[in-house]
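Visitor: One structure, pasted below without further comment.
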Amino acid sequence: MASSLLSRQLAFCLQNNLRLSAPASRYVSKVAPKAQMDFEYDGPSMKTQVPGPRSQALTKQLGEIQNVAAINFFCNYEESRGNYLVDVDGNRMLDVYTQISSIPIGYNHPSLLQVMANPSNLSAFVNRPALGILPPESFPDKLSESLMSVAPRGMSRVQTMACGSCSNENAYKAIFIWYRNKERGHGEPSELELESCMVNQTPGCPELSILSFMGGFHGRTMGCLATTHSKAIHKVDIPSFDWPSAPFPTLKYPLAEHERENAQEEARCLEETEDLIVKWRQKGKPVAGIIIEPIQAEGGDNHASPSFFKGLREIAAKHGAAFHVDEVQTGGGSTGKFWAHEHWGLDDPADIVSFSKKLLTGGFYMKNELQSEKAYRIFNTWMGDPSKNLYLCEVLNVIRRENLLDEVTRSGHALLTGLTELQNQYPLILSRARGQGTFCAITVCNEATRNKLIQMTRNKGALLGGCGDTSIRFRPSLVFKEHHVHMFLNIFSDVMARMK
């Protein structure tokens, strides 16, 4: 199926090698001009309500085996292209959510299909090695070509993992090991530590903590859940750690009109953060690390200024805590820079940076001193997947070749401008349009209306996602052009007109 799709799409590219340019600007109320991007479709095409009958039947079938409460609909990935996701009922939708921000250059990109079709890459797809003990010959070169070529400032090492949650979970472990080695002055645990850890007691299992922020999301595994504070359903019934959670700034929008109030709010949050670090040390549970997202994504697309993150970085250094920047959702280019923390303009922005989603594999970058010296301390069977590095190498080639970060900046400006116009037009329903690049969001008056808007927009041919209690988040691929923005805004404008 994939090879036949590759043939069709390569033929399409050869027949349509002239790309039409999108207009520099337009009003939302105007008709979106037709444009095509390589192998893409020219727009949405809806045949049924979503989910359609075939999706409903498959949901019922799967429901006999798994919990299906979160499933939206079933997809036909073979027929999906670029920014368009096709479902099993033949509905073709403009995807402005992309698998929760996880598709870097669209569906079935010809360059990635060529990677898959290259016979020299077959071994990477057929054989999945236990990377921690038996890596393939090409692994060092491929890491240098892929992940290390986009390493954040100051990061000299990378540890691959499978997903965002296990990336953060193992980064926490690296922080705790580093912190205890600092306290001991060396990396050799005592006999008492080795014995006591086997029965979950101190000093082998020390009373250390990770400070996180209300509204943050860092994963659903046990350690990560202790630092996740976005939705109760993620945490309820699960035992957790007594770790501190600080307030994240609640900014007023537009930002330029509320600079004084926002600066005061950020100063308050920084002061409370430092107070918590002192309080937890007094409790005998020192803060070994601080974790934060450059934009709180799952928690509602909450932003803070570069000054806030600079202040937080200084607090971490002052108290000897590692500063962990979680770029699982924000990393990979959707803010207009490859790493969202680059917007802070800091020379030494972090000690650890975790990633996943748009980078196709998981893992974390770290400074030299956070590298564990002993085997099996940061370890699992697969520790990533070499085939994902092959894909990532080509994704990075496409990003550079097509200047996609510049495209994201242009598209993001058009998207945020359009959302601002719509919130001005519908102030009782929409507010707080915000974003960097195409990593945007808008707040809806209540949860029920938000959910209704997402459903109506989907049935009109565009996919969106929610975040926080009442916000809609926009997470398109990096190949989401200005004409896609206008196409979406027209759809969303039509939906809003029906909400009056």
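Following the order of the structure tokens, chains are lettered A, B, ..., residues in each are numbered from 1, and ligands are numbered from 1.
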Could you give me, as a tab-separated table, every stretch 66-140 of chain A residue with an atom at most 12 Å from stretch 40-55 of chain A, plus its closest atom pair and distance in Å to one decimal, counting only C-alpha atoms, rows ordered by chain then number?

Guide:
residue	atom	partner	partner_atom	distance
A:Val68	CA	A:Ser55	CA	11.7
A:Ile71	CA	A:Pro51	CA	9.6
A:Asn72	CA	A:Pro51	CA	6.8
A:Phe73	CA	A:Pro51	CA	5.2
A:Phe74	CA	A:Ser55	CA	5.2
A:Cys75	CA	A:Ser55	CA	8.2
A:Asn76	CA	A:Ser55	CA	10.4
A:Glu79	CA	A:Tyr41	CA	10.2
A:Ser80	CA	A:Glu40	CA	8.9
A:Arg81	CA	A:Glu40	CA	5.6
A:Gly82	CA	A:Glu40	CA	5.5
A:Asn83	CA	A:Glu40	CA	7.5
A:Tyr84	CA	A:Tyr41	CA	7.2
A:Leu85	CA	A:Pro44	CA	9.1
A:Val86	CA	A:Ser45	CA	9.1
A:Asp87	CA	A:Ser55	CA	7.9
A:Val88	CA	A:Arg54	CA	6.3
A:Asp89	CA	A:Arg54	CA	5.8
A:Gly90	CA	A:Lys47	CA	6.6
A:Asn91	CA	A:Met46	CA	4.6
A:Arg92	CA	A:Ser45	CA	4.9
A:Met93	CA	A:Pro44	CA	4.9
A:Leu94	CA	A:Pro44	CA	5.9
A:Asp95	CA	A:Pro44	CA	9.5
A:Ile105	CA	A:Glu40	CA	11.8
A:Gly106	CA	A:Glu40	CA	9.5
A:Tyr107	CA	A:Glu40	CA	9.4
A:Asn108	CA	A:Glu40	CA	9.8
A:His109	CA	A:Glu40	CA	9.3
A:Pro110	CA	A:Glu40	CA	10.5

Visitor: For the selection just defined, write its residues with N, CA, C and O atoms to a file, as a CSV table (one decimal), in the first residue's frame.

Guide:
chain,number,residue,atom,x,y,z
A,68,VAL,N,-12.3,2.9,24.4
A,68,VAL,CA,-12.3,3.8,23.2
A,68,VAL,C,-12.9,5.2,23.5
A,68,VAL,O,-13.3,5.9,22.5
A,71,ILE,N,-11.4,8.1,21.5
A,71,ILE,CA,-11.2,8.0,20.0
A,71,ILE,C,-12.2,9.0,19.4
A,71,ILE,O,-13.4,9.0,19.7
A,72,ASN,N,-11.7,9.8,18.4
A,72,ASN,CA,-12.5,10.7,17.7
A,72,ASN,C,-13.1,10.1,16.4
A,72,ASN,O,-14.3,10.1,16.2
A,73,PHE,N,-12.2,9.4,15.7
A,73,PHE,CA,-12.6,8.7,14.5
A,73,PHE,C,-11.4,7.9,14.0
A,73,PHE,O,-10.3,8.0,14.4
A,74,PHE,N,-11.7,7.0,13.0
A,74,PHE,CA,-10.6,6.1,12.4
A,74,PHE,C,-10.1,6.8,11.1
A,74,PHE,O,-10.9,7.4,10.4
A,75,CYS,N,-8.9,6.6,10.8
A,75,CYS,CA,-8.2,7.3,9.7
A,75,CYS,C,-7.8,6.4,8.6
A,75,CYS,O,-7.5,5.2,8.8
A,76,ASN,N,-7.7,7.0,7.4
A,76,ASN,CA,-7.2,6.3,6.3
A,76,ASN,C,-5.8,7.0,6.0
A,76,ASN,O,-5.8,8.0,5.2
A,79,GLU,N,-4.3,7.4,2.3
A,79,GLU,CA,-4.8,8.5,1.4
A,79,GLU,C,-4.6,9.9,2.0
A,79,GLU,O,-4.9,10.9,1.3
A,80,SER,N,-4.1,10.0,3.2
A,80,SER,CA,-3.8,11.3,3.7
A,80,SER,C,-2.6,11.9,3.1
A,80,SER,O,-1.6,11.2,2.8
A,81,ARG,N,-2.6,13.2,2.9
A,81,ARG,CA,-1.4,13.9,2.2
A,81,ARG,C,-1.2,15.3,2.8
A,81,ARG,O,-2.2,16.0,3.1
A,82,GLY,N,0.0,15.6,3.1
A,82,GLY,CA,0.4,17.0,3.5
A,82,GLY,C,-0.4,17.4,4.7
A,82,GLY,O,-0.3,16.8,5.8
A,83,ASN,N,-1.2,18.5,4.6
A,83,ASN,CA,-1.9,19.0,5.7
A,83,ASN,C,-3.3,18.4,5.8
A,83,ASN,O,-4.1,18.9,6.6
A,84,TYR,N,-3.6,17.4,5.0
A,84,TYR,CA,-5.0,16.8,5.0
A,84,TYR,C,-5.0,15.4,5.5
A,84,TYR,O,-4.3,14.5,5.0
A,85,LEU,N,-5.9,15.2,6.5
A,85,LEU,CA,-6.1,13.9,7.1
A,85,LEU,C,-7.4,13.3,6.5
A,85,LEU,O,-8.4,14.0,6.6
A,86,VAL,N,-7.4,12.1,6.0
A,86,VAL,CA,-8.6,11.5,5.4
A,86,VAL,C,-9.1,10.4,6.4
A,86,VAL,O,-8.3,9.6,6.9
A,87,ASP,N,-10.4,10.3,6.7
A,87,ASP,CA,-10.9,9.3,7.6
A,87,ASP,C,-11.4,8.1,6.8
A,87,ASP,O,-11.4,8.1,5.5
A,88,VAL,N,-11.8,7.1,7.5
A,88,VAL,CA,-12.3,5.8,6.8
A,88,VAL,C,-13.6,6.0,6.1
A,88,VAL,O,-14.0,5.1,5.3
A,89,ASP,N,-14.3,7.1,6.3
A,89,ASP,CA,-15.5,7.4,5.6
A,89,ASP,C,-15.3,8.3,4.4
A,89,ASP,O,-16.3,8.7,3.7
A,90,GLY,N,-14.1,8.6,4.1
A,90,GLY,CA,-13.7,9.3,2.9
A,90,GLY,C,-13.8,10.8,3.1
A,90,GLY,O,-13.7,11.6,2.2
A,91,ASN,N,-13.9,11.3,4.4
A,91,ASN,CA,-13.9,12.7,4.7
A,91,ASN,C,-12.4,13.2,4.7
A,91,ASN,O,-11.6,12.6,5.3
A,92,ARG,N,-12.2,14.3,4.0
A,92,ARG,CA,-10.8,14.9,3.9
A,92,ARG,C,-10.8,16.2,4.6
A,92,ARG,O,-11.5,17.1,4.2
A,93,MET,N,-10.0,16.3,5.7
A,93,MET,CA,-10.0,17.4,6.6
A,93,MET,C,-8.7,18.1,6.6
A,93,MET,O,-7.6,17.4,6.6
A,94,LEU,N,-8.7,19.4,6.7
A,94,LEU,CA,-7.5,20.2,6.9
A,94,LEU,C,-7.1,20.0,8.4
A,94,LEU,O,-7.8,20.4,9.3
A,95,ASP,N,-5.9,19.5,8.6
A,95,ASP,CA,-5.5,19.1,9.9
A,95,ASP,C,-4.7,20.2,10.6
A,95,ASP,O,-3.5,20.5,10.2
A,105,ILE,N,6.2,17.4,8.9
A,105,ILE,CA,6.1,17.9,7.6
A,105,ILE,C,4.9,17.3,6.8
A,105,ILE,O,5.0,17.1,5.6
A,106,GLY,N,3.8,17.1,7.5
A,106,GLY,CA,2.6,16.6,6.9
A,106,GLY,C,2.6,15.1,6.7
A,106,GLY,O,3.6,14.4,7.0
A,107,TYR,N,1.5,14.6,6.2
A,107,TYR,CA,1.2,13.2,6.0
A,107,TYR,C,1.9,12.7,4.7
A,107,TYR,O,1.7,13.4,3.7
A,108,ASN,N,2.5,11.6,4.8
A,108,ASN,CA,3.0,10.9,3.6
A,108,ASN,C,3.9,11.8,2.7
A,108,ASN,O,3.8,11.8,1.5
A,109,HIS,N,4.8,12.5,3.3
A,109,HIS,CA,5.6,13.4,2.6
A,109,HIS,C,6.5,12.6,1.6
A,109,HIS,O,7.1,11.6,2.1
A,110,PRO,N,6.6,12.9,0.4
A,110,PRO,CA,7.4,12.1,-0.6
A,110,PRO,C,8.8,11.9,-0.1
A,110,PRO,O,9.4,10.8,-0.3

Visitor: Excluding stretch 143-147 of chain A and any residue of its chain fewer than 6 positions from it, enumerate the residues within 9 Å of it, using only C-alpha atoms, and give them as a list in words.

Guide: Val158, Leu359, Pro386, Asn389, Leu390, Tyr391, Leu392, Cys393, Glu394 and Leu396 of chain A

Visitor: Identify, on the basis of only C-alpha atoms, every residue whose closest approach to stretch 294-308 of chain A does not exceed 6 Å; exclude the query and any residue fewer than 4 positions from it along the same chain; express the result as a PyMOL selection string.

Guide: chain A and resi 215-216+230+341+344+467-468

Visitor: Please save N, CA and C atoms of the selected residues as a PDB file, in the first residue's frame.

Guide:
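As written to disk, again28.pdb reads:
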ATOM      1  N   GLY A 215      -0.731  23.953  36.064  1.00  0.00           N
ATOM      2  CA  GLY A 215      -1.061  24.072  34.648  1.00  0.00           C
ATOM      3  C   GLY A 215      -0.106  23.327  33.747  1.00  0.00           C
ATOM      4  N   GLY A 216       1.008  22.840  34.293  1.00  0.00           N
ATOM      5  CA  GLY A 216       1.994  22.143  33.478  1.00  0.00           C
ATOM      6  C   GLY A 216       1.577  20.713  33.162  1.00  0.00           C
ATOM      7  N   SER A 230      -2.460  19.675  34.963  1.00  0.00           N
ATOM      8  CA  SER A 230      -3.332  20.297  33.975  1.00  0.00           C
ATOM      9  C   SER A 230      -4.782  19.833  34.077  1.00  0.00           C
ATOM     10  N   HIS A 341      12.545  27.753  23.540  1.00  0.00           N
ATOM     11  CA  HIS A 341      13.323  28.513  24.517  1.00  0.00           C
ATOM     12  C   HIS A 341      14.338  29.441  23.852  1.00  0.00           C
ATOM     13  N   TRP A 344      13.864  33.134  24.365  1.00  0.00           N
ATOM     14  CA  TRP A 344      14.269  33.817  25.596  1.00  0.00           C
ATOM     15  C   TRP A 344      15.556  34.612  25.421  1.00  0.00           C
ATOM     16  N   CYS A 467      -7.432  22.557  24.751  1.00  0.00           N
ATOM     17  CA  CYS A 467      -6.422  22.547  25.801  1.00  0.00           C
ATOM     18  C   CYS A 467      -6.941  23.364  26.967  1.00  0.00           C
ATOM     19  N   GLY A 468      -6.421  23.084  28.154  1.00  0.00           N
ATOM     20  CA  GLY A 468      -6.940  23.756  29.331  1.00  0.00           C
ATOM     21  C   GLY A 468      -8.419  23.467  29.500  1.00  0.00           C
TER      22      GLY A 468
END

Visitor: Point out the residue among A:Leu453, A:Leu312, A:Ile472, A:Leu270 with the least atom-to-atom distance to A:Arg498, counting only C-alpha atoms.

Guide: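 The closest residue to A:Arg498 is A:Leu453.
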
Visitor: Interatomic distance between atom CA of A:Arg281 and atom CA of A:Ser212?

Guide: 15.2 Å

Visitor: Using only C-alpha atoms for the distances, tell me which of A:Trp243, A:Phe480, A:Tyr253, A:Phe379 is nearest to A:Ser209.

Guide: A:Trp243

Visitor: Can you list every residue in stretch 24-143 of chain A that DSSP puts in alpha helix (DSSP H), as a PyMOL selection string?

Guide: chain A and resi 53-63+98-101+110-117+122-126+139-143

Visitor: Point out the residue among A:Asn490, A:Thr457, A:Thr221, A:Thr443 with the least atom-to-atom distance to A:Tyr172, counting only C-alpha atoms.

Guide: A:Thr221

Visitor: Any idea what the distance is between atom CA of A:Asn181 and atom CA of A:Ile378?

Guide: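 Between atom CA of A:Asn181 and atom CA of A:Ile378 the gap is 15.0 Å.
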
Visitor: Tell me, as a PDB file with N, CA, C and O atoms, in the first residue's frame, which residues lie within 8 Å of A:Ala171, counting only C-alpha atoms; anything in the same chain fewer than 4 positions away does not count.

Guide:
ATOM      1  N   SER A 167      10.932  10.165  28.320  1.00  0.00           N
ATOM      2  CA  SER A 167      12.024  11.135  28.234  1.00  0.00           C
ATOM      3  C   SER A 167      12.118  11.945  29.512  1.00  0.00           C
ATOM      4  O   SER A 167      13.197  12.108  30.099  1.00  0.00           O
ATOM      5  N   ILE A 175      18.667  13.886  36.836  1.00  0.00           N
ATOM      6  CA  ILE A 175      18.797  15.033  37.750  1.00  0.00           C
ATOM      7  C   ILE A 175      19.078  14.555  39.171  1.00  0.00           C
ATOM      8  O   ILE A 175      19.974  15.077  39.858  1.00  0.00           O
ATOM      9  N   ILE A 352      18.962  20.619  31.060  1.00  0.00           N
ATOM     10  CA  ILE A 352      18.366  19.488  30.357  1.00  0.00           C
ATOM     11  C   ILE A 352      17.228  20.007  29.492  1.00  0.00           C
ATOM     12  O   ILE A 352      16.472  20.889  29.910  1.00  0.00           O
ATOM     13  N   SER A 354      14.167  18.213  27.187  1.00  0.00           N
ATOM     14  CA  SER A 354      13.522  16.983  26.714  1.00  0.00           C
ATOM     15  C   SER A 354      12.721  17.262  25.453  1.00  0.00           C
ATOM     16  O   SER A 354      12.284  18.397  25.205  1.00  0.00           O
ATOM     17  N   PHE A 364      16.315  13.274  25.669  1.00  0.00           N
ATOM     18  CA  PHE A 364      16.667  14.543  26.304  1.00  0.00           C
ATOM     19  C   PHE A 364      18.135  14.862  26.044  1.00  0.00           C
ATOM     20  O   PHE A 364      18.996  13.987  26.000  1.00  0.00           O
TER      21      PHE A 364
END

Visitor: Let me make sure I understand: among A:Ser111, A:Ser138, A:Met487, A:Phe439, which one has the smallest atom-to-atom distance to A:Arg401 if we use only C-alpha atoms?

Guide: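 Using only C-alpha atoms, A:Arg401 sits closest to A:Ser111.
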
Visitor: Which residue gives the smallest distance to A:Gln436 among A:Ile399, A:Leu489, A:Phe213, A:Lys337, with only C-alpha atoms counted?

Guide: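 Nearest candidate to A:Gln436 out of A:Ile399, A:Leu489, A:Phe213, A:Lys337: A:Lys337.
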
Visitor: Residues near A:Arg268, anyone? I mean within 12 Å using only C-alpha atoms, not counting same-chain ones fewer than 3 positions away, as a PyMOL selection string.

Guide: chain A and resi 246-251+261-265+271-275+308+311-312

Visitor: What are the DSSP strand (DSSP E) residues of stretch 320-356 of chain A, as JSON, numbers by chain?

Guide: {"A": [322, 323, 324, 325, 326, 352, 353, 354, 355]}

Visitor: Which distance in Å separates atom CA of A:Ala57 and atom CA of A:Val495, to one decimal?

Guide: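 Answer for the atom CA of A:Ala57 to atom CA of A:Val495 separation: 27.8 Å.
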
Visitor: Which residue, A:Gly331, A:Gly223, A:Pro254, A:Pro244, has the smallest gap to A:Cys166 when you use only C-alpha atoms?

Guide: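 Closest residue, counting only C-alpha atoms: A:Gly223.
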